[in-house]
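Trainee: Handing over upload18.cif, mmCIF, C-alpha atoms.
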data_upload
loop_
_atom_site.label_atom_id
_atom_site.label_comp_id
_atom_site.auth_asym_id
_atom_site.auth_seq_id
_atom_site.Cartn_x
_atom_site.Cartn_y
_atom_site.Cartn_z
CA MET A 204 99.26 118.46 120.67
CA ALA A 205 98.88 115.23 122.56
CA GLU A 206 100.53 112.16 121.13
CA PRO A 207 97.99 109.75 119.60
CA ARG A 208 97.10 106.90 121.91
CA LYS A 209 99.07 103.73 121.28
CA PRO A 210 96.98 100.63 120.45
CA ARG A 211 96.36 98.60 123.59
CA VAL A 212 97.26 94.92 123.31
CA ALA A 213 96.37 92.02 125.61
CA THR A 214 97.79 88.49 125.44
CA VAL A 215 97.01 85.25 127.22
CA SER A 216 98.02 81.61 127.16
CA LEU A 217 95.16 79.15 127.66
CA ALA A 218 95.86 75.44 127.04
CA GLY A 219 99.20 76.19 125.42
CA CYS A 220 102.87 75.80 126.29
CA PHE A 221 103.81 79.51 126.17
CA GLY A 222 105.78 78.73 123.03
CA CYS A 223 103.82 81.36 121.11
CA HIS A 224 104.72 83.96 123.74
CA MET A 225 108.34 82.80 123.43
CA SER A 226 108.08 83.38 119.69
CA LEU A 227 106.93 86.93 120.43
CA LEU A 228 110.00 87.43 122.61
CA ASP A 229 111.99 85.90 119.76
CA LEU A 230 111.42 89.14 117.81
CA ASP A 231 114.76 90.04 119.40
CA GLU A 232 115.59 93.73 119.05
CA ARG A 233 112.36 94.38 117.16
CA ILE A 234 110.51 93.88 120.43
CA VAL A 235 111.73 97.38 121.33
CA ASP A 236 110.11 98.75 118.14
CA LEU A 237 106.98 96.79 118.99
CA LEU A 238 106.77 98.25 122.48
CA ASP A 239 107.22 101.71 120.95
CA ARG A 240 104.13 101.11 118.86
CA ILE A 241 101.80 99.29 121.27
CA GLU A 242 100.92 99.30 124.92
CA LEU A 243 100.81 95.86 126.57
CA VAL A 244 98.02 96.04 129.13
CA ARG A 245 97.02 92.54 130.17
CA SER A 246 99.64 89.97 129.49
CA PRO A 247 101.87 87.48 131.29
CA LEU A 248 104.74 89.47 129.77
CA VAL A 249 103.86 92.46 131.99
CA ASP A 250 102.39 90.32 134.78
CA ALA A 251 98.97 91.99 134.55
CA LYS A 252 96.11 89.54 134.95
CA ALA A 253 93.11 91.88 134.85
CA PHE A 254 91.68 94.20 132.22
CA ASP A 255 91.59 97.91 133.05
CA GLY A 256 89.38 98.89 130.14
CA GLU A 257 88.82 98.14 126.47
CA VAL A 258 91.62 96.71 124.36
CA ASP A 259 92.34 97.07 120.63
CA ILE A 260 94.08 93.77 119.95
CA GLY A 261 93.83 90.49 121.87
CA LEU A 262 96.28 87.68 121.17
CA VAL A 263 95.19 84.25 122.39
CA GLU A 264 97.57 81.33 122.61
CA GLY A 265 96.31 77.83 123.37
CA GLY A 266 93.05 75.99 123.04
CA VAL A 267 90.22 75.70 125.54
CA CYS A 268 90.61 72.76 127.93
CA ASN A 269 88.83 73.84 131.13
CA ASP A 270 86.09 76.15 132.39
CA ASP A 271 88.58 78.83 133.39
CA ASN A 272 89.82 78.94 129.77
CA VAL A 273 86.21 79.44 128.65
CA ALA A 274 85.70 82.35 131.05
CA VAL A 275 89.00 84.03 130.15
CA LEU A 276 88.42 83.61 126.41
CA ARG A 277 84.90 85.05 126.68
CA GLU A 278 86.26 88.02 128.61
CA PHE A 279 88.90 88.55 125.92
CA ARG A 280 86.15 88.52 123.31
CA ARG A 281 84.15 91.10 125.26
CA ARG A 282 87.14 93.37 125.84
CA CYS A 283 89.07 93.13 122.57
CA ARG A 284 88.10 94.87 119.38
CA VAL A 285 90.14 92.42 117.31
CA LEU A 286 90.74 88.93 118.65
CA VAL A 287 93.56 86.88 117.15
CA ALA A 288 94.05 83.12 117.60
CA VAL A 289 97.80 82.57 117.76
CA GLY A 290 99.29 79.15 117.05
CA GLN A 291 98.00 75.67 116.30
CA CYS A 292 96.58 75.04 119.80
CA ALA A 293 94.33 78.10 119.56
CA ILE A 294 93.38 77.21 115.99
CA MET A 295 92.85 73.45 116.22
CA GLY A 296 93.49 72.38 119.81
CA GLY A 297 97.08 71.41 119.06
CA LEU A 298 98.88 68.73 120.99
CA PRO A 299 96.59 68.99 124.07
CA ALA A 300 93.77 67.92 121.72
CA LEU A 301 95.49 64.56 121.25
CA ARG A 302 93.39 63.56 124.26
CA ASN A 303 90.18 64.31 122.40
CA ASP A 304 89.50 60.73 121.40
CA VAL A 305 90.08 59.42 124.94
CA PRO A 306 87.17 59.68 127.43
CA LEU A 307 87.84 62.31 130.12
CA ALA A 308 87.56 59.81 133.02
CA GLU A 309 90.22 57.67 131.40
CA CYS A 310 92.50 60.71 130.95
CA LEU A 311 92.19 61.70 134.62
CA GLU A 312 92.67 58.14 135.85
CA GLU A 313 95.75 57.77 133.69
CA ALA A 314 97.20 61.05 134.95
CA TYR A 315 96.44 60.66 138.65
CA LEU A 316 96.25 56.92 139.29
CA HIS A 317 98.24 54.94 136.74
CA THR A 318 101.40 56.89 135.93
CA PRO A 319 104.74 55.85 137.46
CA THR A 320 104.89 59.10 139.44
CA THR A 321 101.53 58.51 141.14
CA LEU A 322 101.65 54.73 141.63
CA GLY A 323 102.24 54.03 145.31
CA VAL A 324 102.13 57.76 146.09
CA ASN A 325 98.50 58.57 145.46
CA VAL A 326 97.47 55.79 147.85
CA ARG A 327 94.03 57.23 148.54
CA ARG A 328 93.45 57.29 144.80
CA VAL A 329 92.42 60.95 144.74
CA ILE A 330 91.55 62.71 141.53
CA PRO A 331 91.75 66.39 142.51
CA HIS A 332 88.53 68.34 142.42
CA HIS A 333 87.84 71.56 144.28
CA PRO A 334 85.92 74.75 143.48
CA ASP A 335 89.25 76.59 143.18
CA ILE A 336 90.57 74.20 140.56
CA PRO A 337 89.32 74.74 137.01
CA ARG A 338 87.12 71.92 135.81
CA VAL A 339 88.51 70.01 132.87
CA LEU A 340 86.27 69.94 129.79
CA ASP A 341 85.24 66.79 127.94
CA ARG A 342 87.69 67.69 125.20
CA VAL A 343 89.99 70.49 124.08
CA TYR A 344 88.19 73.02 121.89
CA PRO A 345 89.71 75.31 119.28
CA CYS A 346 89.10 78.97 120.24
CA GLN A 347 86.83 79.61 117.25
CA GLU A 348 84.44 76.94 118.53
CA VAL A 349 83.92 78.97 121.72
CA VAL A 350 83.99 82.62 120.58
CA ARG A 351 84.22 84.50 117.29
CA ILE A 352 87.84 84.89 116.19
CA ASP A 353 88.83 87.65 113.76
CA GLN A 354 92.22 86.46 112.62
CA PHE A 355 94.34 83.30 112.74
CA LEU A 356 98.13 83.09 112.90
CA PRO A 357 99.19 79.48 112.33
CA GLY A 358 102.42 77.87 113.47
CA CYS A 359 103.87 75.84 116.30
CA PRO A 360 104.92 78.39 117.22
CA PRO A 361 104.07 81.06 114.62
CA ARG A 362 107.29 82.46 113.19
CA PRO A 363 108.31 85.77 114.84
CA ALA A 364 108.17 87.42 111.39
CA LEU A 365 104.52 86.36 111.03
CA LEU A 366 103.63 87.76 114.47
CA TRP A 367 105.46 90.98 113.70
CA GLU A 368 103.78 91.45 110.33
CA ALA A 369 100.31 90.62 111.69
CA ILE A 370 100.59 92.99 114.65
CA ALA A 371 102.16 95.76 112.55
CA ALA A 372 99.39 95.42 109.96
CA LEU A 373 96.70 95.64 112.65
CA VAL A 374 98.37 98.69 114.19
CA ASP A 375 98.70 100.36 110.77
CA GLY A 376 95.17 99.37 109.78
CA ARG A 377 96.24 97.50 106.63
CA ALA A 378 95.96 93.92 105.38
CA PRO A 379 98.90 91.74 106.44
CA SER A 380 101.21 90.43 103.74
CA CYS A 381 103.07 87.44 105.07
CA ALA A 382 105.85 85.60 103.29
CA TYR A 383 105.28 81.97 102.25
CA ARG A 384 108.13 80.72 104.40
CA ASP A 385 106.64 82.30 107.52
CA PHE A 386 103.21 80.68 107.06
CA LYS A 387 103.62 77.18 108.52
CA TYR A 388 101.74 74.77 110.76
CA ASP A 389 104.79 73.42 112.57
CA MET B 793 106.53 65.03 65.25
CA GLY B 794 104.91 62.69 62.73
CA ALA B 795 101.22 62.51 62.04
CA GLU B 796 99.94 61.93 65.59
CA ARG B 797 96.71 63.78 66.15
CA ARG B 798 96.73 66.74 68.54
CA VAL B 799 93.87 68.71 70.02
CA VAL B 800 93.63 72.21 71.46
CA VAL B 801 92.17 72.77 74.91
CA ARG B 802 91.65 76.27 76.26
CA ILE B 803 92.55 76.58 79.96
CA ASP B 804 91.99 79.97 81.63
CA GLY B 805 92.09 81.56 78.21
CA VAL B 806 95.37 79.90 77.19
CA ASP B 807 95.29 77.58 74.18
CA CYS B 808 97.01 74.36 75.21
CA ASP B 809 98.16 71.68 72.85
CA ALA B 810 97.28 68.17 74.04
CA ALA B 811 97.10 64.56 73.01
CA PRO B 812 93.49 63.39 72.70
CA GLY B 813 92.45 61.76 75.97
CA GLU B 814 95.32 63.25 77.99
CA PRO B 815 94.35 64.11 81.60
CA ILE B 816 93.67 67.83 81.91
CA VAL B 817 95.90 68.08 84.99
CA ALA B 818 98.85 66.94 82.87
CA VAL B 819 97.96 69.23 79.96
CA ALA B 820 97.75 72.22 82.31
CA ALA B 821 101.06 71.33 83.99
CA ARG B 822 102.87 71.18 80.62
CA HIS B 823 101.67 74.70 79.93
CA GLY B 824 102.72 76.09 83.30
CA ILE B 825 99.23 76.12 84.81
CA PHE B 826 99.09 74.53 88.24
CA VAL B 827 95.94 72.64 89.13
CA PRO B 828 96.13 71.58 92.81
CA THR B 829 96.02 67.78 93.18
CA LEU B 830 96.33 65.36 96.06
CA CYS B 831 95.46 61.82 94.96
CA TRP B 832 96.64 62.26 91.38
CA SER B 833 100.10 61.13 90.38
CA ARG B 834 101.59 61.02 86.94
CA ASP B 835 103.08 57.63 87.91
CA ASP B 836 99.66 56.01 88.03
CA ALA B 837 98.02 55.07 84.76
CA ASP B 838 94.58 55.03 86.32
CA CYS B 839 93.14 58.21 87.71
CA LEU B 840 91.76 57.75 91.22
CA GLY B 841 89.53 60.82 91.35
CA THR B 842 89.03 60.41 95.11
CA CYS B 843 90.08 63.74 96.62
CA ARG B 844 88.37 66.31 94.32
CA VAL B 845 91.06 68.86 95.14
CA CYS B 846 91.60 69.38 91.39
CA THR B 847 88.02 70.55 90.82
CA ILE B 848 87.76 72.95 87.85
CA ARG B 849 84.88 74.23 85.73
CA TRP B 850 83.92 72.80 82.36
CA LYS B 851 80.83 74.22 80.70
CA ARG B 852 78.62 74.71 83.76
CA HIS B 853 79.88 71.70 85.69
CA HIS B 854 82.44 71.25 88.42
CA VAL B 855 84.64 68.36 87.38
CA ALA B 856 87.85 66.71 88.62
CA ALA B 857 90.63 67.78 86.27
CA CYS B 858 92.46 64.48 86.77
CA ALA B 859 89.49 62.49 85.49
CA LEU B 860 88.67 64.85 82.63
CA ARG B 861 90.31 63.90 79.34
CA ALA B 862 91.35 66.34 76.64
CA GLU B 863 89.00 66.82 73.71
CA ASP B 864 89.34 69.36 70.96
CA GLY B 865 87.74 72.71 71.68
CA MET B 866 87.27 72.30 75.43
CA ASP B 867 87.08 75.60 77.31
CA LEU B 868 88.08 75.14 80.96
CA THR B 869 88.37 77.44 83.96
CA VAL B 870 90.87 76.70 86.73
CA SER B 871 91.27 79.94 88.59
CA THR B 872 88.47 82.21 89.78
CA PRO B 873 87.87 83.40 93.33
CA GLU B 874 84.90 80.99 93.57
CA LEU B 875 86.84 77.96 92.30
CA ASP B 876 89.81 78.80 94.53
CA ASP B 877 87.46 78.94 97.51
CA LEU B 878 85.76 75.69 96.52
CA ARG B 879 89.11 73.89 96.40
CA ARG B 880 90.08 75.53 99.68
CA GLY B 881 86.87 74.14 101.16
CA VAL B 882 87.71 70.63 99.95
CA VAL B 883 91.15 70.80 101.60
CA GLU B 884 89.61 72.21 104.80
CA LEU B 885 87.18 69.29 104.89
CA LEU B 886 90.09 66.85 104.71
CA PHE B 887 91.75 68.64 107.62
CA VAL B 888 88.73 68.54 109.93
CA GLU B 889 87.72 65.02 108.93
CA GLY B 890 90.93 63.37 110.15
CA ASN B 891 93.27 64.27 112.99
CA HIS B 892 96.07 66.26 111.39
CA PHE B 893 98.44 67.36 114.14
CA CYS B 894 101.08 68.93 111.92
CA PRO B 895 103.43 69.98 114.77
CA SER B 896 103.99 66.34 115.74
CA CYS B 897 103.88 64.72 112.30
CA GLU B 898 106.97 63.19 110.71
CA ARG B 899 105.71 64.15 107.24
CA SER B 900 105.26 67.83 108.13
CA GLY B 901 107.07 69.94 105.54
CA ASP B 902 106.87 67.14 102.97
CA CYS B 903 103.11 66.56 103.20
CA LYS B 904 101.07 67.35 100.11
CA LEU B 905 97.90 68.06 102.09
CA GLN B 906 99.74 70.57 104.26
CA ALA B 907 101.48 72.08 101.22
CA LEU B 908 98.14 72.60 99.50
CA ALA B 909 96.77 74.28 102.61
CA TYR B 910 99.78 76.61 102.67
CA ARG B 911 99.37 77.36 99.00
CA LEU B 912 95.64 78.02 99.37
CA GLY B 913 96.31 80.23 102.40
CA ILE B 914 94.28 78.25 104.93
CA ALA B 915 94.91 79.75 108.37
CA ALA B 916 91.96 77.92 109.94
CA PRO B 917 89.21 75.78 108.44
CA ARG B 918 85.65 77.11 108.21
CA PHE B 919 84.32 73.78 109.55
CA HIS B 920 84.44 72.33 113.05
CA TYR B 921 87.02 69.66 113.78
CA ARG B 922 85.57 66.20 114.22
CA PHE B 923 88.34 64.66 116.34
CA THR B 924 87.35 61.21 115.16
CA HIS B 925 88.76 58.19 116.95
CA ARG B 926 91.36 56.60 114.65
CA PRO B 927 93.85 53.99 115.80
CA VAL B 928 97.58 53.91 115.08
CA ASP B 929 98.70 50.53 113.76
CA ALA B 930 102.33 49.65 114.48
CA ARG B 931 102.03 45.88 113.94
CA ALA B 932 104.00 45.77 110.71
CA GLN B 933 107.74 45.29 111.22
CA ARG B 934 108.96 48.24 109.14
CA LEU B 935 105.85 50.35 108.61
CA LEU B 936 103.87 52.66 110.88
CA PHE B 937 100.30 53.12 109.75
CA ASP B 938 98.58 56.14 111.30
CA GLN B 939 94.87 56.20 110.48
CA ASN B 940 94.55 59.70 111.92
CA ARG B 941 96.33 61.18 108.91
CA CYS B 942 94.81 59.04 106.17
CA VAL B 943 92.78 60.99 103.61
CA ALA B 944 91.56 57.85 101.83
CA CYS B 945 93.18 58.84 98.54
CA LYS B 946 93.43 55.17 97.57
CA ARG B 947 96.94 55.37 96.12
CA CYS B 948 98.26 52.58 98.34
CA VAL B 949 95.23 50.42 97.56
CA GLN B 950 95.70 50.89 93.83
CA ARG B 951 99.44 50.48 93.60
CA PHE B 952 100.13 47.49 95.75
CA ALA B 953 98.88 44.12 94.77
CA GLY B 954 100.80 40.94 95.56
CA GLY B 955 101.80 38.42 92.93
CA ASP B 956 98.61 36.50 93.63
CA GLY B 957 96.55 39.61 92.88
CA HIS B 958 95.57 40.20 96.49
CA ARG B 959 95.92 43.77 97.62
CA VAL B 960 98.13 44.90 100.48
CA PHE B 961 95.67 47.64 101.45
CA SER B 962 91.92 47.83 101.02
CA PHE B 963 89.02 50.03 101.97
CA GLU B 964 86.43 48.81 104.44
CA GLY B 965 83.19 50.50 105.47
CA ARG B 966 81.38 53.28 103.66
CA GLY B 967 80.77 56.99 104.01
CA ASP B 968 82.32 58.54 107.10
CA ALA B 969 83.01 55.03 108.45
CA LEU B 970 85.34 54.31 105.52
CA ARG B 971 88.74 53.15 106.73
CA LEU B 972 91.90 51.91 105.15
CA ALA B 973 92.70 48.33 106.17
CA MET B 974 96.21 46.86 106.08
CA ASP B 975 97.25 43.25 105.51
CA VAL B 976 100.19 43.10 107.92
CA ALA B 977 101.68 39.87 106.53
CA ARG B 978 101.71 41.27 103.00
CA VAL B 979 103.28 44.54 104.16
CA ASP B 980 106.01 42.57 105.94
CA ALA B 981 106.59 40.59 102.75
CA LEU B 982 107.30 43.74 100.66
CA ASP B 983 110.95 44.29 99.79
CA ASP B 984 112.67 47.53 100.82
CA ALA B 985 112.25 49.23 97.45
CA ALA B 986 108.53 48.51 97.39
CA LEU B 987 108.14 49.71 100.96
CA ARG B 988 109.90 52.95 100.08
CA ARG B 989 107.65 53.39 97.05
CA LEU B 990 104.63 52.73 99.23
CA CYS B 991 105.57 55.34 101.84
CA ASP B 992 106.78 57.92 99.31
CA GLY B 993 103.50 57.48 97.45
CA CYS B 994 101.45 58.39 100.51
CA PRO B 995 100.68 62.12 100.08
CA VAL B 996 100.25 62.55 103.85
CA GLY B 997 101.89 61.04 106.94
CA ALA B 998 99.68 57.95 107.17
CA LEU B 999 102.29 55.46 105.93
CA LEU B 1000 105.75 55.92 107.39
CA ARG B 1001 108.87 53.82 107.40
CA LYS B 1002 109.80 53.09 111.00
CA GLY B 1003 112.95 54.74 112.33
CA ARG B 1004 112.98 57.34 109.56
CA GLY B 1005 111.13 60.40 110.84
CA PHE B 1006 112.46 63.94 111.22
CA ASP B 1007 115.54 63.20 109.11
CA ARG B 1008 115.89 66.76 107.78
CA PRO B 1009 115.74 70.08 109.64
CA ILE B 1010 113.03 72.70 109.12
CA GLY B 1011 114.08 74.70 106.07
CA ALA B 1012 115.37 71.67 104.13
CA ARG B 1013 112.04 69.92 103.54
CA ALA B 1014 110.10 69.81 100.28
CA TYR B 1015 107.68 72.68 100.85
CA ASP B 1016 109.54 74.84 103.36
CA VAL B 1017 110.74 77.50 100.94
CA LEU B 1018 108.71 77.18 97.74
CA PRO B 1019 105.00 76.41 97.53
CA ILE B 1020 103.64 73.29 95.90
CA GLY B 1021 103.16 73.94 92.19
CA ALA B 1022 106.13 76.32 91.95
CA ASP B 1023 107.92 73.76 89.74
CA VAL B 1024 104.94 73.66 87.37
CA GLU B 1025 104.64 77.43 87.20
CA GLY B 1026 108.40 77.81 86.83
CA ALA B 1027 108.02 75.92 83.56
CA ARG B 1028 105.56 78.52 82.26
CA GLY B 1029 106.55 79.73 78.81
CA GLY B 1030 108.41 76.53 78.20
CA GLY B 1031 105.59 75.34 75.95
CA ASP B 1032 105.61 71.60 75.62
CA GLY B 1033 108.83 71.22 77.62
#
Mind converting the file's structure to structure tokens?
Mentor:
Amino acid sequence: MAEPRKPRVATVSLAGCFGCHMSLLDLDERIVDLLDRIELVRSPLVDAKAFDGEVDIGLVEGGVCNDDNVAVLREFRRRCRVLVAVGQCAIMGGLPALRNDVPLAECLEEAYLHTPTTLGVNVRRVIPHHPDIPRVLDRVYPCQEVVRIDQFLPGCPPRPALLWEAIAALVDGRAPSCAYRDFKYD
Amino acid sequence: MGAERRVVVRIDGVDCDAAPGEPIVAVAARHGIFVPTLCWSRDDADCLGTCRVCTIRWKRHHVAACALRAEDGMDLTVSTPELDDLRRGVVELLFVEGNHFCPSCERSGDCKLQALAYRLGIAAPRFHYRFTHRPVDARAQRLLFDQNRCVACKRCVQRFAGGDGHRVFSFEGRGDALRLAMDVARVDALDDAALRRLCDGCPVGALLRKGRGFDRPIGARAYDVLPIGADVEGARGGGDG
């Protein structure tokens, strides 16, 4: 009898710092158990950047700050049966969203024209724009304001125990039961 | 005990002994029933009734349990799935209305708003974030005032009046334009004990003493291990204790 197919999992980091992925690696030896139970198909952890079919669980780190993030998030929504927003950036924009009350032009001018590292260097006063470079959005959007999200795992980053419990519950097809001390926003 | 008059209030089916006119939040707490609160403090004589987080049901009305006073024979409901969700909605509104970046906030772990959200199990709010423009005011010598985190609970307005009766803080504007305004000279004139009381009284991270943030590691802060209200519920069975 053939072994039942392992759930296929995809992960991505949009406007995040990869801290949530680090928290996943922070499962320590349990990451071996995790990889016994799931198949990572499209993830920076396995260096696969394209989908090769439908996926059971999608984990999204980071908010949506440019048009490439929008396209990737929409593709995740199309491909993933269950889509999970992982971490504060995915849930509420996080620290990148601190720019949300500053007009975009001012943000770009500050970054490319007025910082100590660009003063005197960026003499032609260029703000990069090219079809190959993702276009920055007017503000950073939480993932649930762009696509439907099925589950939210808060934290900055989410505690490894919370990630473990949430993924295990999805794999087992049961409701997650997370401990109070693992459910935090920081 | 003497001859002082007592009344009986029924809360979630439990008969609770109370002094006439006692705030329902306090009656419930004495009997081990936690009613979530944000603006209410047992240190303040006057109830503020600004946050509505303590909404409960009395007869067919939704009322703030801090503003409701004990009368004999009251039958009150604190916990039903609908009421829990209503209170969760109120807390979610507070989160999306301001700019609450918990990961970078000095009050994180000690914040009552955040603790309530943990307790109510809010993973993400049902409303869209507003990302309102709110300035940070660092003009005062020893106080940082971050408007982004203010939930307009009014505690600081109520508690701090100078000797001449002028307030240190006040509200200006109305509706969603309502903002807390600070009198910098009067803040600078507060002594250290008053300043500490001011900042400790702020339920969120809007009023902070400068040079004081992040003084305890994660795990040692007020709401890291036990949820808000655990102290109240721990007293359950203790009767009037």
Trainee: Apply the PyMOL selection byres ((chain A and resi 339) around 8) to the file shown and report the selected residues as a list in words.
Mentor: Cys268, Asn269, Asp270, Pro337, Arg338, Leu340 and Asp341 of chain A
Trainee: Could you tell me how far CA of Pro360 (chain A) sits from CA of Asp992 (chain B), in Å to one decimal place?
Mentor: 27.3 Å
Trainee: Select, as a PyMOL selection string, those residues of chain A with any atom no more than 12 Å from chain B (distances computed using only C-alpha atoms).
Mentor: chain A and resi 287-306+342-349+351-361+365+380-389
Trainee: Skipping near chain neighbours, those fewer than 3 positions away, what residues fall within 6 Å of region 219-224 of chain A using only C-alpha atoms, listed as JSON, numbers by chain?
Mentor: {"A": [216, 227, 265, 360]}
Trainee: Give as a count of residues only the residues that the PyMOL selection byres ((chain B and resi 801) around 7) matches when applied to the coordinates above.
Mentor: 14
Trainee: For this structure, which residues satisfy the selection - the PyMOL selection byres ((chain B and resi 817) around 10) - when it is evaluated on the file as given? I want them as a ChimeraX atom specification.
Mentor: /B:814-816,818-822,825-829,832-834,846,848,856-862
Trainee: Do a neighbour search on Leu276 (chain A) at 9 Å with all atoms listed in the file, toss out local chain neighbours closer than 2 positions, and write the hits as a tab-separated table (two decimals) with C-alpha atoms, in the coordinates of the input.
Mentor:
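Output saved as part.tsv:
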chain	number	residue	atom	x	y	z
A	215	VAL	CA	97.01	85.25	127.22
A	217	LEU	CA	95.16	79.15	127.66
A	263	VAL	CA	95.19	84.25	122.39
A	267	VAL	CA	90.22	75.70	125.54
A	271	ASP	CA	88.58	78.83	133.39
A	272	ASN	CA	89.82	78.94	129.77
A	273	VAL	CA	86.21	79.44	128.65
A	274	ALA	CA	85.70	82.35	131.05
A	278	GLU	CA	86.26	88.02	128.61
A	279	PHE	CA	88.90	88.55	125.92
A	280	ARG	CA	86.15	88.52	123.31
A	281	ARG	CA	84.15	91.10	125.26
A	346	CYS	CA	89.10	78.97	120.24
A	349	VAL	CA	83.92	78.97	121.72
A	350	VAL	CA	83.99	82.62	120.58
Trainee: Could you name the residues that touch region 997-999 of chain B at 10 Å or less, counting only C-alpha atoms, but leaving out those on the same chain fewer than 5 positions away, as a PyMOL selection string?
Mentor: chain B and resi 892+894+897-900+902-905+928-929+935-944+948+987-988+990-992
Trainee: Ranking B:Val949, B:Leu868, B:Ala981, B:Ala969 by minimum distance to Val806 (chain B) and counting only C-alpha atoms, which one comes first?
Mentor: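 Under the stated criterion, the closest residue is B:Leu868.
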Trainee: When you draw a straight line from CA of Glu312 (chain A) to CA of Pro331 (chain A), how long is it in Å?
Mentor: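 Interatomic distance, CA of Glu312 (chain A) to CA of Pro331 (chain A): 10.6 Å.
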Trainee: Taking all atoms listed in the file into account, name the residue in B:Val870, B:Ala930, B:Val996, B:Ala953 that is nearest to Arg978 (chain B).
Mentor: B:Ala953
Trainee: Work out how far apart CA of Val374 (chain A) and CA of Asp255 (chain A) are and give it in Å to one decimal.
Mentor: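 These two atoms are separated by 20.1 Å.
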Trainee: Please list as a list in words every residue within 12 Å of Val329 (chain A), counting only C-alpha atoms and excluding residues in the same chain fewer than 5 positions away.
Mentor: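 Once the nearby chain positions are removed, what remains is Leu311, Glu312, Glu313, Ala314, Tyr315, Leu316, His317, Thr321, Leu322 and Val324 of chain A.
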Trainee: Return the single residue from A:Ala372, A:Ala253, A:Leu366, A:Val258 that is closest to Val275 (chain A), with distances computed using all atoms listed in the file.
Mentor: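 Distance minimum relative to Val275 (chain A) lands on A:Ala253.
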